[in-house]
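Notes follow the structure.
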Amino acid sequence: MKSGKSSAGSSGEGNAPPGNAKKGKAETTGPVMEEAQICCGCRFPLLVAVLQLLLGITIAVVAFLMVAISSSLLARETPHWAGIIMCVVSLVGFILFCITRVPDERATVQFITKLLYFLLCTIGLVISVLVIAFQSYHYNLTNSLTCEEKGEDCVCNLDPEDPIARTFTYSGVTDCSAVVSTLPMYNLLQIVLNLAQAIVCLVGAFMIWKHRYQVFFAGLQKGSPSDQQWQKV
């Protein structure tokens, strides 16, 4: 008789109501979903994507203002392309934010989007460093130029007394003060903007890496093998 009662009791405990199982599953996955949306007190990657978009637009606008000074400026001197690329990176960040947050193992689209955003942030970091290098070189170059107006052009050289010194011709510039004073100011502004952009891209790439590789789950299985729930440690 005792063995029958114990068997009935154990079977009653083993057959838990399905409603309780669903409730336990919701409670387990709830904190994971919330933690995926909020990281370090702010929503990621919304903040990073907004900063990338604003900085990308600003870099492109300043570059087009530099082109307006003289059409003879090279592409590396007017990095509008860097700003456009940063705008594309920010759009991927917005898409990643809008995707439903689920564990990475269950969402292939989210994994691909995270990987793409990580690669684009890394590329954006490299591009920003290259722009900083080019703009620093041109900032030092324009500060050492001696310019004079010749017709509708502004002709500048490094050493007026050296007949074989390198000469730079800025077409369509009737006032050389735009080359001597305004252009170095734009170069310095591009250095500051791209430095901020590099920091933002570095933070974005680091946050993706941290979320993917510094969040560990212990292999503590609860429930049946078909319904796996992992406890975070």
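Residues in the structure tokens are named by chain (A, B, ... in the order shown) and by number from 1 within that chain; ligands are numbered from 1 in the order shown.
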Legend entry - Which of segment 83-225 of chain A fall in strand (DSSP E), as an MDAnalysis selection string: chainID A and resid 146:150 153:157 167:171 217:218
Inset, instruction - Using only C-alpha atoms, determine which residues lie at most 9 Å from Asp159 of chain A, disregarding the query and same-chain residues fewer than 6 positions distant; provide the list as a PyMOL selection string. - result: chain A and resi 144-146+165-166
Filtering to all heavy atoms, could you give me those residues as a CSV table (one decimal), in the first residue's frame?
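Final file, part.csv:
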chain,number,residue,atom,x,y,z
A,144,SER,N,52.0,75.3,-44.7
A,144,SER,CA,53.3,75.7,-45.1
A,144,SER,C,53.3,76.2,-46.5
A,144,SER,O,54.4,76.5,-47.1
A,144,SER,CB,54.2,74.5,-45.0
A,144,SER,OG,53.8,73.4,-45.8
A,145,LEU,N,52.2,76.4,-47.1
A,145,LEU,CA,52.1,76.9,-48.5
A,145,LEU,C,52.2,78.4,-48.6
A,145,LEU,O,51.7,79.1,-47.7
A,145,LEU,CB,50.8,76.4,-49.2
A,145,LEU,CG,50.7,74.9,-49.5
A,145,LEU,CD1,49.4,74.6,-50.1
A,145,LEU,CD2,51.8,74.5,-50.4
A,146,THR,N,52.8,78.9,-49.7
A,146,THR,CA,52.8,80.3,-50.0
A,146,THR,C,52.1,80.5,-51.3
A,146,THR,O,52.5,79.9,-52.4
A,146,THR,CB,54.2,80.9,-50.2
A,146,THR,OG1,55.0,80.6,-48.9
A,146,THR,CG2,54.2,82.3,-50.5
A,165,ALA,N,60.6,73.9,-56.7
A,165,ALA,CA,59.7,73.4,-55.6
A,165,ALA,C,58.4,73.0,-56.2
A,165,ALA,O,58.0,73.4,-57.2
A,165,ALA,CB,59.5,74.6,-54.6
A,166,ARG,N,57.8,72.1,-55.5
A,166,ARG,CA,56.5,71.6,-55.9
A,166,ARG,C,55.4,72.7,-55.9
A,166,ARG,O,55.3,73.4,-54.9
A,166,ARG,CB,56.1,70.4,-55.0
A,166,ARG,CG,54.8,69.7,-55.5
A,166,ARG,CD,54.5,68.5,-54.6
A,166,ARG,NE,53.3,67.8,-55.0
A,166,ARG,CZ,52.7,66.8,-54.4
A,166,ARG,NH1,53.3,66.3,-53.3
A,166,ARG,NH2,51.6,66.2,-54.9
Legend entry - Filtered DSSP result for segment 44-163 of chain A, state helix (DSSP H, G or I), as an NGL selection string: :A and (46-69 or 80-98 or 104-106 or 108-143)
Legend entry - Coordinates-based distance that separates atom CA of Ala63 of chain A from atom CA of Val203 of chain A (Å, one decimal):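 Rounded to one decimal, the two atoms are 24.5 Å apart.
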Inset, instruction - For Leu202 of chain A, work out the shell of residues within 8 Å, counting only C-alpha atoms and skipping chain neighbours fewer than 2 positions away, then give it as a ChimeraX atom specification. - result: /A:121-122,125,198-200,204-206
Legend entry - Residues near Glu149 of chain A, cut-off 8 Å, only C-alpha atoms, skip fewer than 5 positions along chain, as an NGL selection string: :A and (154-155 or 174-176)
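Comparing the minimum interatomic distances between Phe64 of chain A and each of A:Leu183, A:Cys98, A:Ile132, A:Val92, counting only C-alpha atoms, we find that A:Leu183 sits nearest.
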Legend entry - Spatial neighbours of Ala68 of chain A, 12 Å, only C-alpha atoms, chain gap at least 6 places, as a list in words: Val61, Val62, Thr78, Tyr170, Ser171, Gly172, Val173, Ala178, Val179, Thr182, Leu183 and Tyr186 of chain A
Atoms to include: N, CA and C atoms. Write the selected residues as a PDB file, in the first residue's frame.
ATOM      1  N   VAL A  61      28.991  66.579 -45.247  1.00  0.00           N
ATOM      2  CA  VAL A  61      28.680  67.994 -45.480  1.00  0.00           C
ATOM      3  C   VAL A  61      29.955  68.832 -45.490  1.00  0.00           C
ATOM      4  N   VAL A  62      30.838  68.590 -44.521  1.00  0.00           N
ATOM      5  CA  VAL A  62      32.105  69.340 -44.471  1.00  0.00           C
ATOM      6  C   VAL A  62      32.945  69.034 -45.706  1.00  0.00           C
ATOM      7  N   THR A  78      38.966  65.411 -49.746  1.00  0.00           N
ATOM      8  CA  THR A  78      37.561  65.679 -49.437  1.00  0.00           C
ATOM      9  C   THR A  78      36.861  64.350 -49.163  1.00  0.00           C
ATOM     10  N   TYR A 170      45.158  75.560 -57.462  1.00  0.00           N
ATOM     11  CA  TYR A 170      43.755  75.401 -57.072  1.00  0.00           C
ATOM     12  C   TYR A 170      42.909  76.195 -58.056  1.00  0.00           C
ATOM     13  N   SER A 171      42.242  75.492 -58.923  1.00  0.00           N
ATOM     14  CA  SER A 171      41.454  76.153 -59.968  1.00  0.00           C
ATOM     15  C   SER A 171      40.154  76.700 -59.393  1.00  0.00           C
ATOM     16  N   GLY A 172      39.729  77.820 -59.957  1.00  0.00           N
ATOM     17  CA  GLY A 172      38.468  78.435 -59.554  1.00  0.00           C
ATOM     18  C   GLY A 172      38.534  79.173 -58.238  1.00  0.00           C
ATOM     19  N   VAL A 173      39.729  79.435 -57.717  1.00  0.00           N
ATOM     20  CA  VAL A 173      39.884  80.139 -56.440  1.00  0.00           C
ATOM     21  C   VAL A 173      40.441  81.522 -56.731  1.00  0.00           C
ATOM     22  N   ALA A 178      41.112  81.523 -48.984  1.00  0.00           N
ATOM     23  CA  ALA A 178      40.306  80.310 -48.804  1.00  0.00           C
ATOM     24  C   ALA A 178      41.179  79.073 -48.713  1.00  0.00           C
ATOM     25  N   VAL A 179      42.319  79.092 -49.403  1.00  0.00           N
ATOM     26  CA  VAL A 179      43.239  77.953 -49.367  1.00  0.00           C
ATOM     27  C   VAL A 179      44.125  78.023 -48.128  1.00  0.00           C
ATOM     28  N   THR A 182      40.849  78.915 -44.756  1.00  0.00           N
ATOM     29  CA  THR A 182      39.604  78.137 -44.666  1.00  0.00           C
ATOM     30  C   THR A 182      39.852  76.648 -44.837  1.00  0.00           C
ATOM     31  N   LEU A 183      40.663  76.267 -45.805  1.00  0.00           N
ATOM     32  CA  LEU A 183      40.913  74.849 -46.065  1.00  0.00           C
ATOM     33  C   LEU A 183      41.595  74.145 -44.885  1.00  0.00           C
ATOM     34  N   TYR A 186      38.948  73.352 -42.296  1.00  0.00           N
ATOM     35  CA  TYR A 186      38.151  72.180 -42.658  1.00  0.00           C
ATOM     36  C   TYR A 186      38.936  70.888 -42.437  1.00  0.00           C
TER      37      TYR A 186
END
Applying 8 Å and only C-alpha atoms, which residues near Val89 of chain A remain after dropping the ones on its own chain fewer than 3 positions away? List them as a tab-separated table (two decimals) with N, CA, C and O atoms, in the first residue's frame.
chain	number	residue	atom	x	y	z
A	49	ALA	N	24.36	53.64	-33.50
A	49	ALA	CA	23.89	53.90	-34.87
A	49	ALA	C	23.51	55.36	-35.07
A	49	ALA	O	23.79	55.95	-36.12
A	52	GLN	N	26.72	57.33	-35.34
A	52	GLN	CA	27.34	57.09	-36.64
A	52	GLN	C	26.63	57.86	-37.74
A	52	GLN	O	27.28	58.40	-38.65
A	85	ILE	N	29.82	56.13	-46.31
A	85	ILE	CA	29.99	54.77	-45.80
A	85	ILE	C	29.50	54.67	-44.36
A	85	ILE	O	28.85	53.68	-43.96
A	86	MET	N	29.76	55.70	-43.55
A	86	MET	CA	29.31	55.67	-42.17
A	86	MET	C	27.79	55.70	-42.07
A	86	MET	O	27.20	55.08	-41.18
A	92	VAL	N	22.62	49.72	-41.05
A	92	VAL	CA	22.70	48.32	-40.60
A	92	VAL	C	22.50	48.24	-39.09
A	92	VAL	O	21.86	47.31	-38.58
A	93	GLY	N	23.01	49.22	-38.36
A	93	GLY	CA	22.78	49.26	-36.91
A	93	GLY	C	21.32	49.43	-36.57
A	93	GLY	O	20.81	48.79	-35.63
A	117	TYR	N	27.35	43.88	-39.18
A	117	TYR	CA	27.56	45.15	-38.47
A	117	TYR	C	28.94	45.21	-37.83
A	117	TYR	O	29.58	46.27	-37.82
A	120	LEU	N	31.38	45.91	-40.69
A	120	LEU	CA	31.27	47.29	-41.16
A	120	LEU	C	31.83	48.27	-40.14
A	120	LEU	O	32.45	49.28	-40.53
A	121	CYS	N	31.64	48.01	-38.85
A	121	CYS	CA	32.24	48.88	-37.83
A	121	CYS	C	33.76	48.81	-37.89
A	121	CYS	O	34.44	49.83	-37.72
A	124	GLY	N	34.77	50.74	-40.91
A	124	GLY	CA	34.62	52.16	-40.61
A	124	GLY	C	35.73	52.69	-39.74
A	124	GLY	O	36.19	53.83	-39.92
Inset, instruction - Write out as a PyMOL selection string the residues lying within 12 Å of Gly56 of chain A, counting only C-alpha atoms and excluding same-chain residues fewer than 2 positions away. - result: chain A and resi 48-54+58-63+79-91+124+127-128+190+193-198+200-201
Inset, instruction - Measuring atom to atom with only C-alpha atoms, identify which of A:Tyr139, A:Phe134, A:Phe168, A:Phe94 is nearest to Lys114 of chain A. - result: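 Among A:Tyr139, A:Phe134, A:Phe168, A:Phe94, it is A:Phe94 that comes nearest to Lys114 of chain A.
Candidate residues A:Leu55, A:Leu115, A:Cys156, A:Leu189 were compared for distance to Thr142 of chain A, and the nearest is A:Cys156, using only C-alpha atoms.
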